[in-house]
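Chemist: Below you'll find work.cif; it's mmCIF, C-alpha atoms.
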```cif
data_target
#
loop_
_atom_site.label_atom_id
_atom_site.label_comp_id
_atom_site.auth_asym_id
_atom_site.auth_seq_id
_atom_site.Cartn_x
_atom_site.Cartn_y
_atom_site.Cartn_z
CA MET A 105 -31.58 -4.99 -31.29
CA VAL A 106 -31.02 -3.67 -27.76
CA LEU A 107 -28.92 -6.71 -26.82
CA MET A 108 -26.88 -6.19 -29.98
CA ALA A 109 -26.18 -2.61 -28.93
CA VAL A 110 -25.00 -3.87 -25.54
CA ASP A 111 -22.62 -6.35 -27.16
CA HIS A 112 -21.15 -3.85 -29.58
CA ALA A 113 -20.81 -1.17 -26.91
CA SER A 114 -18.90 -3.71 -24.85
CA ALA A 115 -16.70 -4.54 -27.85
CA ILE A 116 -15.79 -0.86 -28.16
CA TYR A 117 -15.57 0.36 -24.55
CA ASN A 118 -15.13 -2.63 -22.24
CA ALA A 119 -11.54 -3.30 -21.21
CA GLY A 120 -12.49 -6.59 -19.54
CA ARG A 121 -14.67 -7.96 -22.32
CA VAL A 122 -14.98 -11.74 -22.65
CA ASP A 123 -15.52 -12.87 -26.25
CA ASP A 124 -13.46 -16.05 -26.58
CA ASP A 125 -16.39 -17.93 -28.04
CA ASN A 126 -14.48 -20.63 -29.89
CA ALA A 127 -11.67 -23.12 -29.55
CA VAL A 128 -9.26 -20.77 -31.34
CA MET A 129 -9.55 -17.79 -29.00
CA TYR A 130 -10.18 -19.56 -25.69
CA VAL A 131 -7.17 -20.66 -23.65
CA VAL A 132 -8.06 -23.67 -21.52
CA GLY A 133 -8.28 -22.71 -17.87
CA SER A 134 -8.83 -19.01 -18.52
CA ALA A 135 -11.03 -17.11 -16.09
CA LEU A 136 -14.56 -16.26 -17.21
CA PRO A 137 -15.75 -13.53 -14.80
CA PRO A 138 -19.53 -14.00 -14.41
CA GLU A 139 -20.49 -10.36 -15.01
CA GLN A 140 -18.42 -10.26 -18.19
CA PHE A 141 -19.40 -13.73 -19.34
CA PHE A 142 -23.14 -13.27 -18.90
CA THR A 143 -23.08 -9.86 -20.58
CA ARG A 144 -21.62 -11.58 -23.59
CA TRP A 145 -23.81 -14.66 -23.25
CA ILE A 146 -27.17 -12.84 -23.31
CA THR A 147 -26.17 -11.27 -26.62
CA HIS A 148 -25.66 -14.71 -28.21
CA LEU A 149 -29.39 -14.61 -28.91
CA CYS A 150 -28.93 -11.84 -31.47
CA ALA A 151 -27.38 -13.54 -34.50
CA PRO A 152 -29.55 -16.70 -34.40
CA ALA A 153 -32.64 -14.48 -34.02
CA PHE A 154 -31.65 -12.25 -36.96
CA VAL A 155 -30.93 -15.21 -39.25
CA LEU A 156 -33.96 -17.30 -38.22
CA LEU A 157 -36.34 -14.35 -38.54
CA ALA A 158 -34.84 -13.45 -41.92
CA GLY A 159 -35.73 -16.92 -43.16
CA MET A 160 -39.24 -16.66 -41.73
CA SER A 161 -39.86 -13.23 -43.23
CA ILE A 162 -38.64 -14.42 -46.64
CA ALA A 163 -41.16 -17.26 -46.50
CA LEU A 164 -44.00 -14.93 -45.49
CA ALA A 165 -43.11 -12.30 -48.10
CA GLY A 166 -42.60 -14.99 -50.73
CA ALA A 167 -46.11 -16.29 -50.12
CA ARG A 168 -47.57 -12.83 -50.65
CA HIS A 169 -45.64 -12.45 -53.90
CA ARG A 170 -46.80 -15.89 -55.09
CA GLU A 171 -50.39 -14.80 -54.58
CA ARG A 172 -49.71 -11.78 -56.78
CA GLU A 173 -47.67 -13.84 -59.27
CA GLU A 174 -44.59 -11.71 -58.61
CA SER A 175 -42.09 -14.44 -57.72
CA ARG A 176 -39.46 -13.23 -60.19
CA ALA A 177 -39.63 -9.70 -58.83
CA PHE A 178 -39.21 -11.08 -55.31
CA ASP A 179 -36.21 -13.16 -56.43
CA ARG A 180 -34.63 -10.02 -57.84
CA HIS A 181 -35.29 -8.16 -54.58
CA LEU A 182 -33.72 -10.97 -52.53
CA LEU A 183 -30.68 -11.09 -54.79
CA ILE A 184 -30.08 -7.33 -54.64
CA ARG A 185 -30.70 -7.21 -50.88
CA GLY A 186 -28.23 -10.05 -50.37
CA VAL A 187 -25.56 -8.30 -52.45
CA VAL A 188 -26.12 -5.05 -50.53
CA LEU A 189 -25.67 -6.84 -47.18
CA VAL A 190 -22.47 -8.57 -48.27
CA GLY A 191 -21.22 -5.28 -49.73
CA LEU A 192 -21.82 -3.47 -46.43
CA ASP A 193 -19.57 -5.96 -44.65
CA VAL A 194 -16.91 -5.89 -47.36
CA VAL A 195 -16.82 -2.10 -47.68
CA TYR A 196 -18.34 -0.47 -44.59
CA LYS A 197 -17.40 -2.81 -41.73
CA SER A 198 -14.08 -3.83 -43.26
CA GLY A 199 -13.26 -0.17 -43.87
CA MET A 200 -13.96 0.68 -40.24
CA SER A 201 -11.79 -2.18 -38.97
CA GLY A 202 -8.86 -1.61 -41.33
CA GLY A 203 -8.96 -5.15 -42.76
CA LEU A 204 -11.35 -7.69 -44.19
CA LEU A 205 -14.17 -8.32 -41.72
CA LEU A 206 -17.07 -10.60 -42.61
CA GLN A 207 -19.69 -10.82 -39.89
CA VAL A 208 -23.43 -11.31 -39.61
CA LEU A 209 -24.33 -9.15 -42.63
CA TYR A 210 -22.21 -11.41 -44.83
CA ALA A 211 -24.00 -14.51 -43.50
CA LEU A 212 -27.41 -12.89 -43.93
CA GLY A 213 -26.58 -11.72 -47.45
CA ILE A 214 -25.27 -15.07 -48.65
CA GLY A 215 -28.30 -16.74 -47.09
CA MET A 216 -30.69 -14.47 -48.96
CA ILE A 217 -28.91 -15.11 -52.24
CA ALA A 218 -28.94 -18.86 -51.63
CA LEU A 219 -32.66 -18.84 -50.82
CA VAL A 220 -33.48 -17.51 -54.29
CA PRO A 221 -33.31 -21.10 -55.67
CA LEU A 222 -33.65 -22.98 -52.36
CA ARG A 223 -37.03 -21.52 -51.47
CA ARG A 224 -38.53 -23.61 -54.29
CA LEU A 225 -37.76 -26.79 -52.35
CA ASP A 226 -40.43 -28.71 -50.53
CA PRO A 227 -40.33 -27.58 -46.87
CA ARG A 228 -39.67 -31.17 -45.76
CA VAL A 229 -36.62 -31.36 -48.01
CA MET A 230 -35.37 -27.99 -46.77
CA LEU A 231 -35.87 -29.08 -43.16
CA ALA A 232 -33.94 -32.30 -43.80
CA LEU A 233 -31.06 -30.41 -45.43
CA ALA A 234 -30.87 -27.86 -42.60
CA LEU A 235 -30.90 -30.47 -39.83
CA THR A 236 -28.41 -32.68 -41.69
CA TRP A 237 -25.95 -29.83 -41.94
CA MET A 238 -26.36 -28.95 -38.26
CA LEU A 239 -25.59 -32.55 -37.30
CA ALA A 240 -22.72 -33.03 -39.77
CA ASP A 241 -21.18 -29.54 -39.50
CA GLU A 242 -18.47 -30.44 -37.00
CA ALA A 243 -17.43 -33.58 -38.85
CA ILE A 244 -17.05 -31.68 -42.13
CA THR A 245 -15.41 -28.66 -40.48
CA GLY A 246 -12.96 -30.88 -38.63
CA LEU A 247 -11.70 -32.33 -41.92
CA VAL A 248 -10.69 -29.00 -43.43
CA TRP A 249 -10.52 -26.37 -40.67
CA ASP A 250 -7.19 -25.39 -39.17
CA PRO A 251 -7.82 -25.16 -35.40
CA ALA A 252 -5.42 -22.20 -35.28
CA GLY A 253 -7.86 -20.24 -37.42
CA THR A 254 -5.21 -19.43 -40.01
CA GLY A 255 -6.17 -21.87 -42.78
CA SER A 256 -7.74 -21.07 -46.12
CA PRO A 257 -9.86 -17.92 -46.20
CA TRP A 258 -11.76 -19.38 -49.16
CA LEU A 259 -12.91 -22.33 -47.05
CA ALA A 260 -13.68 -19.99 -44.18
CA LEU A 261 -16.20 -18.22 -46.38
CA LEU A 262 -18.25 -21.41 -46.12
CA ILE A 263 -17.14 -23.16 -42.92
CA GLY A 264 -14.74 -22.63 -40.03
CA TYR A 265 -13.17 -19.45 -38.73
CA TRP A 266 -10.27 -17.44 -40.14
CA ARG A 267 -8.21 -14.73 -38.51
CA THR A 268 -4.88 -13.27 -39.62
CA GLU A 269 -3.32 -9.83 -39.87
CA LEU A 270 -5.19 -9.42 -43.18
CA GLY A 271 -8.63 -9.73 -41.63
CA THR A 272 -11.25 -11.95 -40.04
CA ILE A 273 -14.05 -14.16 -41.29
CA ILE A 274 -16.30 -14.78 -38.29
CA TYR A 275 -19.59 -15.95 -39.81
CA PRO A 276 -19.10 -18.79 -42.33
CA ALA A 277 -22.00 -19.05 -44.73
CA LEU A 278 -23.16 -22.68 -44.49
CA PRO A 279 -23.90 -23.04 -40.74
CA TRP A 280 -25.91 -19.82 -40.74
CA LEU A 281 -27.64 -20.72 -44.01
CA ALA A 282 -28.92 -23.86 -42.26
CA ILE A 283 -30.49 -21.66 -39.58
CA MET A 284 -32.06 -19.40 -42.22
CA MET A 285 -33.46 -22.45 -44.00
CA LEU A 286 -34.97 -23.62 -40.72
CA GLY A 287 -36.57 -20.19 -40.35
CA HIS A 288 -37.96 -20.48 -43.87
CA VAL A 289 -39.54 -23.83 -43.00
CA LEU A 290 -41.17 -22.27 -39.92
CA GLY A 291 -42.41 -19.37 -42.04
CA GLU A 292 -43.92 -21.76 -44.59
CA HIS A 293 -45.69 -23.55 -41.75
CA MET A 294 -47.18 -20.25 -40.59
CA VAL A 295 -48.45 -19.63 -44.11
CA ARG A 296 -50.09 -23.07 -44.20
CA TRP A 297 -51.60 -22.58 -40.73
CA HIS A 298 -53.23 -19.31 -41.70
CA ALA A 299 -54.47 -20.92 -44.91
CA GLY A 300 -56.07 -23.71 -42.86
CA THR A 301 -53.90 -26.50 -44.29
CA ALA A 302 -51.66 -27.20 -41.25
CA ARG A 303 -52.77 -29.28 -38.27
CA TRP A 304 -50.50 -27.83 -35.60
CA SER A 305 -50.41 -24.16 -34.64
CA PRO A 306 -47.12 -22.25 -35.05
CA VAL A 307 -46.95 -21.78 -31.27
CA ARG A 308 -47.15 -25.53 -30.70
CA VAL A 309 -44.54 -26.25 -33.38
CA LEU A 310 -42.18 -23.62 -31.96
CA ALA A 311 -42.62 -24.88 -28.41
CA LEU A 312 -41.90 -28.49 -29.37
CA ALA A 313 -38.94 -27.49 -31.55
CA GLY A 314 -37.50 -25.36 -28.74
CA ILE A 315 -37.80 -28.17 -26.20
CA ALA A 316 -36.21 -30.64 -28.63
CA GLY A 317 -33.31 -28.24 -29.26
CA LEU A 318 -32.67 -27.80 -25.54
CA LEU A 319 -32.56 -31.59 -25.14
CA VAL A 320 -29.97 -31.76 -27.93
CA PHE A 321 -27.92 -29.10 -26.14
CA ALA A 322 -28.14 -30.96 -22.83
CA VAL A 323 -27.01 -34.25 -24.36
CA VAL A 324 -24.20 -32.75 -26.45
CA ARG A 325 -22.84 -30.60 -23.64
CA GLY A 326 -23.28 -33.39 -21.11
CA VAL A 327 -21.40 -35.99 -23.17
CA ASN A 328 -18.78 -33.28 -23.83
CA GLY A 329 -17.48 -34.61 -27.12
CA TYR A 330 -18.79 -34.29 -30.67
CA GLY A 331 -21.05 -31.31 -31.25
CA ASN A 332 -19.07 -28.79 -29.22
CA MET A 333 -16.85 -27.65 -32.12
CA PHE A 334 -13.76 -28.48 -30.03
CA LEU A 335 -14.72 -26.06 -27.21
CA LEU A 336 -15.26 -28.59 -24.44
CA ARG A 337 -16.77 -28.07 -21.01
CA GLU A 338 -14.02 -27.98 -18.35
CA ASP A 339 -16.18 -28.58 -15.29
CA ASP A 340 -19.81 -28.68 -14.17
CA SER A 341 -20.20 -24.97 -13.44
CA LEU A 342 -23.03 -23.07 -15.12
CA VAL A 343 -20.55 -20.83 -16.93
CA GLN A 344 -18.79 -23.82 -18.46
CA TRP A 345 -22.08 -25.40 -19.53
CA LEU A 346 -23.03 -22.18 -21.31
CA HIS A 347 -19.57 -21.46 -22.77
CA VAL A 348 -20.31 -22.82 -26.25
CA SER A 349 -18.66 -22.15 -29.60
CA LYS A 350 -20.22 -19.41 -31.68
CA TYR A 351 -17.36 -19.06 -34.20
CA PRO A 352 -18.19 -21.34 -35.96
CA PRO A 353 -21.52 -22.24 -34.34
CA SER A 354 -21.43 -25.66 -32.72
CA LEU A 355 -24.37 -28.02 -32.42
CA ALA A 356 -24.41 -27.13 -28.72
CA PHE A 357 -24.59 -23.41 -29.56
CA VAL A 358 -27.39 -23.91 -32.08
CA GLY A 359 -29.28 -26.24 -29.74
CA LEU A 360 -29.14 -23.75 -26.88
CA GLU A 361 -29.40 -20.33 -28.50
CA LEU A 362 -31.75 -21.15 -31.34
CA SER A 363 -34.03 -23.01 -28.94
CA LEU A 364 -34.17 -20.01 -26.62
CA VAL A 365 -35.02 -17.77 -29.58
CA ILE A 366 -37.72 -20.17 -30.75
CA LEU A 367 -39.27 -20.48 -27.29
CA LEU A 368 -39.27 -16.70 -26.85
CA LEU A 369 -40.94 -16.38 -30.24
CA ALA A 370 -43.60 -18.90 -29.19
CA VAL A 371 -44.32 -16.88 -26.05
CA LEU A 372 -44.45 -13.60 -27.98
CA LEU A 373 -46.81 -15.03 -30.60
CA GLN A 374 -49.04 -16.24 -27.78
CA ILE A 375 -49.25 -12.90 -25.98
CA GLU A 376 -49.14 -10.56 -28.99
CA PRO A 377 -52.92 -10.58 -29.59
CA ARG A 378 -53.44 -9.33 -26.04
CA ILE A 379 -51.11 -6.35 -26.40
CA PRO A 380 -52.74 -3.10 -27.62
CA PRO A 381 -51.06 -1.95 -30.86
CA ARG A 382 -48.58 0.91 -30.42
CA PRO A 383 -47.12 1.84 -33.82
CA ASP A 384 -44.36 3.99 -32.28
CA ALA A 385 -43.34 1.55 -29.53
CA PRO A 386 -39.51 1.76 -29.31
CA LEU A 387 -38.82 -1.94 -29.79
CA LEU A 388 -41.18 -2.09 -32.76
CA VAL A 389 -39.46 0.89 -34.39
CA LEU A 390 -36.03 -0.70 -33.90
CA GLY A 391 -37.24 -3.98 -35.36
CA GLN A 392 -38.67 -2.25 -38.43
CA THR A 393 -35.45 -0.33 -39.11
CA ALA A 394 -32.95 -3.00 -38.14
CA LEU A 395 -30.32 -2.52 -40.86
CA PHE A 396 -30.52 1.27 -40.66
CA PHE A 397 -29.92 1.09 -36.92
CA TYR A 398 -27.12 -1.44 -37.39
CA VAL A 399 -25.21 0.77 -39.81
CA LEU A 400 -25.54 3.93 -37.71
CA HIS A 401 -25.03 2.51 -34.24
CA TRP A 402 -21.41 1.59 -34.98
CA LEU A 403 -20.68 5.26 -35.75
CA PHE A 404 -22.62 6.54 -32.75
CA LEU A 405 -20.71 4.15 -30.47
CA GLY A 406 -17.29 4.45 -32.08
CA LEU A 407 -16.94 8.21 -32.58
CA PRO A 408 -17.31 9.17 -28.88
CA ALA A 409 -14.97 6.34 -27.90
CA GLY A 410 -12.34 7.66 -30.30
CA LEU A 411 -12.75 11.28 -29.27
CA LEU A 412 -12.61 10.48 -25.55
CA GLY A 413 -9.88 7.86 -25.77
CA LEU A 414 -12.12 5.11 -24.38
CA PHE A 415 -11.51 2.33 -26.90
CA HIS A 416 -11.15 -0.87 -24.84
CA ALA A 417 -10.29 1.34 -21.89
CA SER A 418 -13.45 1.64 -19.83
CA THR A 419 -15.76 -0.44 -17.69
CA LEU A 420 -18.70 -2.75 -18.21
CA ALA A 421 -20.97 -0.10 -16.70
CA THR A 422 -19.81 2.38 -19.34
CA SER A 423 -20.73 -0.14 -22.01
CA TYR A 424 -24.29 -0.44 -20.72
CA LEU A 425 -24.62 3.35 -20.52
CA ALA A 426 -23.26 3.74 -24.05
CA ALA A 427 -25.72 1.13 -25.36
CA ALA A 428 -28.65 2.89 -23.70
CA ALA A 429 -27.47 6.25 -25.02
CA VAL A 430 -27.15 5.04 -28.62
CA VAL A 431 -30.61 3.43 -28.57
CA ILE A 432 -32.18 6.63 -27.23
CA ALA A 433 -30.25 8.82 -29.68
CA LEU A 434 -31.12 6.72 -32.73
CA LEU A 435 -34.81 6.16 -32.00
CA PRO A 436 -35.94 9.47 -33.55
CA LEU A 437 -33.79 8.84 -36.63
CA CYS A 438 -35.15 5.31 -36.94
CA ARG A 439 -38.71 6.60 -36.65
CA TRP A 440 -38.02 9.16 -39.39
CA TYR A 441 -36.39 6.55 -41.62
CA ARG A 442 -39.34 4.19 -41.20
CA GLY A 443 -41.64 6.97 -42.40
CA TYR A 444 -39.37 7.73 -45.34
CA LYS A 445 -39.20 4.07 -46.32
CA ARG A 446 -42.99 3.74 -46.24
CA ALA A 447 -43.39 6.88 -48.34
CA HIS A 448 -40.97 5.51 -50.97
CA PRO A 449 -41.76 1.78 -51.15
CA ASN A 450 -39.99 1.31 -54.48
CA GLY A 451 -36.93 3.43 -53.75
CA TRP A 452 -33.43 2.60 -52.56
CA ALA A 453 -34.60 2.41 -48.94
CA ARG A 454 -36.27 -0.97 -49.50
CA TYR A 455 -32.78 -2.53 -49.49
CA ILE A 456 -31.63 -0.91 -46.20
#
```
Can you turn what I pasted into structure tokens?

Modeler:
Amino acid sequence: MVLMAVDHASAIYNAGRVDDDNAVMYVVGSALPPEQFFTRWITHLCAPAFVLLAGMSIALAGARHREREESRAFDRHLLIRGVVLVGLDVVYKSGMSGGLLLQVLYALGIGMIALVPLRRLDPRVMLALALTWMLADEAITGLVWDPAGTGSPWLALLIGYWRTELGTIIYPALPWLAIMMLGHVLGEHMVRWHAGTARWSPVRVLALAGIAGLLVFAVVRGVNGYGNMFLLREDDSLVQWLHVSKYPPSLAFVGLELSLVILLLAVLLQIEPRIPPRPDAPLLVLGQTALFFYVLHWLFLGLPAGLLGLFHASTLATSYLAAAAVVIALLPLCRWYRGYKRAHPNGWARYI
């Protein structure tokens, strides 16, 4: 959540921002200043983490509802939540940008809707489908995607990247659905582990999966051909190795970023039992009010920029200060909203 605030503050304030994360936007030979590049790069963890954890949480919540024989009610909740997320992108974010803008909320929403039937699949089948798409994504995308990013917006809803004067589709549904499905498989494994029916601990599974993903990244980026979604490495510098395609996500991007998320999750699961519980810890509060924070932080970042004339006109340092300020300012509101949501478990707040 904090890294997300940094990225969005940079998108609003930072005149030197680097965000050419695909073959459409990047001009071969362009400079990638390290301070700008790495500010952007550290925030690449955000979207894979959101989508993976959404899949895991759906699996964990789905197991609880199965125990209470409330699967249909949970399906209805997922469907409504998915529609709300897509609607926020179509109405709220698109309204703020002045044109169609489909980003991570769209991908999350479509993923939740798709998991209503998909979560009935055997985890092994779901894992096979997710990995198959990740491996085949570039081949399929290359058949139908216009490298200029101006092809069919209908196809871009599922694969590719689309950008014209009418709007932008940044997060196609299918590549991110594959990540959510992978998260669901991991969540199902956690359920089986706690039920005593899985041999390997979640930490061990996550560690092995993370290492395997990093090996995939190393091979794909090293060979410098298929799997890079047409954004090839220009030299052997660290920046070029890490300059992978996010829009749409390449196999190299997924191998690197998702593996880092998974390894971090393994570490956190390992150390969590040793950390004294602090219900009002700032990061915990932000995590428990993620969508509420997401909706408000755009306003809290954008309004001062508009009033002070700082849109795309300030420095990287200003972006970091703005991100810190918005986190501090929204923490009390997030804490209040968490309390309201808990006091009204069946109200509208369960969808936000």

Chemist: As a check of understanding, name the residues that the PyMOL selection byres ((chain A and resi 237-241) around 8) selects in the supplied structure, as a list in words.

Modeler: Leu233, Ala234, Leu235, Thr236, Glu242, Ala243, Ile244, Thr245, Pro279, Ala282, Gly331, Ser354 and Leu355 of chain A

Chemist: Report, in Å to a single decimal, how far apart CA of Val365 (chain A) and CA of Ala316 (chain A) are.

Modeler: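 The value is 13.0 Å.
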
Chemist: List as an mmCIF file with C-alpha atoms, keeping the file's coordinate frame: which residues have an atom within 12 Å of (-9.1, -3.5, -19.5), counting all atoms listed in the file?

Modeler:
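Written output follows (point-v7.cif):
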```cif
data_model
loop_
_atom_site.group_PDB
_atom_site.id
_atom_site.type_symbol
_atom_site.label_atom_id
_atom_site.label_comp_id
_atom_site.auth_asym_id
_atom_site.auth_seq_id
_atom_site.Cartn_x
_atom_site.Cartn_y
_atom_site.Cartn_z
ATOM 1 C CA SER A 114 -18.900 -3.710 -24.850
ATOM 2 C CA ALA A 115 -16.700 -4.540 -27.850
ATOM 3 C CA ILE A 116 -15.790 -0.860 -28.160
ATOM 4 C CA TYR A 117 -15.570 0.360 -24.550
ATOM 5 C CA ASN A 118 -15.130 -2.630 -22.240
ATOM 6 C CA ALA A 119 -11.540 -3.300 -21.210
ATOM 7 C CA GLY A 120 -12.490 -6.590 -19.540
ATOM 8 C CA ARG A 121 -14.670 -7.960 -22.320
ATOM 9 C CA VAL A 122 -14.980 -11.740 -22.650
ATOM 10 C CA GLN A 140 -18.420 -10.260 -18.190
ATOM 11 C CA LEU A 414 -12.120 5.110 -24.380
ATOM 12 C CA PHE A 415 -11.510 2.330 -26.900
ATOM 13 C CA HIS A 416 -11.150 -0.870 -24.840
ATOM 14 C CA ALA A 417 -10.290 1.340 -21.890
ATOM 15 C CA SER A 418 -13.450 1.640 -19.830
ATOM 16 C CA THR A 419 -15.760 -0.440 -17.690
ATOM 17 C CA LEU A 420 -18.700 -2.750 -18.210
#
```

Chemist: Choose the residue, out of A:Asp123, A:Asp179, A:Asp339, A:Glu361, that has the smallest atom-to-atom separation from Ile315 (chain A); count all atoms listed in the file.

Modeler: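 Ranked by minimum distance to Ile315 (chain A), first place goes to A:Glu361.
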
Chemist: For a cutoff of 7 Å around the file-coordinate point (-15.4, -20.0, -28.4), which residues qualify once you count only C-alpha atoms? I'd like the result as JSON, numbers by chain.

Modeler: {"A": [124, 125, 126, 127, 128, 129, 130, 335, 348, 349, 350, 351]}

Chemist: Given the file shown, enumerate the residues that the PyMOL selection byres ((chain A and resi 373) around 12) captures and present them as a ChimeraX atom specification.

Modeler: /A:294,305-311,366-372,374-379

Chemist: Have a look at CA of His112 (chain A) and CA of Leu407 (chain A) and let me know their distance in Å, one decimal.

Modeler: 13.1 Å

Chemist: List the residues matched by the PyMOL selection byres ((chain A and resi 456) around 7) in the displayed structure as number ranges by chain, ordered by chain and then by residue number.

Modeler: A: 395-396, 453-455

Chemist: Kindly give the distance, in Å, that separates CA of Arg168 (chain A) and CA of Trp440 (chain A), rounded to a single decimal.

Modeler: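 Rounded to one decimal, the two atoms are 26.5 Å apart.
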
Chemist: Quick one: of A:Met200, A:Leu390, A:Ala299, A:Met105, who's nearest to Trp402 (chain A), counting only C-alpha atoms?

Modeler: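 For Trp402 (chain A), the nearest of the given residues is A:Met200.
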
Chemist: Find the residue from A:Gly391, A:Gly166, A:Gly317, A:Gly287 that sits nearest to Phe357 (chain A); use only C-alpha atoms when measuring.

Modeler: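 The answer is A:Gly317, which sits nearest to Phe357 (chain A).
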
Chemist: When you count only C-alpha atoms, which of these residues is closest to Tyr275 (chain A): A:Thr301, A:Thr147, A:Thr254, A:Gln207?

Modeler: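 Closest to Tyr275 (chain A), using only C-alpha atoms: A:Gln207.
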
Chemist: Have a look at A:Leu222, A:Val131, A:Leu157, A:Leu362 and name the one nearest to Leu336 (chain A); count all atoms listed in the file.

Modeler: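 Result for the nearest residue to Leu336 (chain A): A:Val131.
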
Chemist: When you count only C-alpha atoms, which of these residues is closest to Val399 (chain A): A:Leu164, A:Ile146, A:Leu411, A:Cys438?

Modeler: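 Selected residue with least distance to Val399 (chain A): A:Cys438.
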
Chemist: Hey, what's within 9 Å of region 268-270 of chain A if we count only C-alpha atoms and toss same-chain stuff fewer than 6 positions away? As a list in words, please?

Modeler: Gly202, Gly203, Leu204, Gly253 and Thr254 of chain A

Chemist: What's around Tyr265 (chain A) at 8 Å? Count only C-alpha atoms, leave out sequence neighbours fewer than 4 positions away in its own chain, and write the answer as a PyMOL selection string.

Modeler: chain A and resi 249+253+260+272-276+351-352
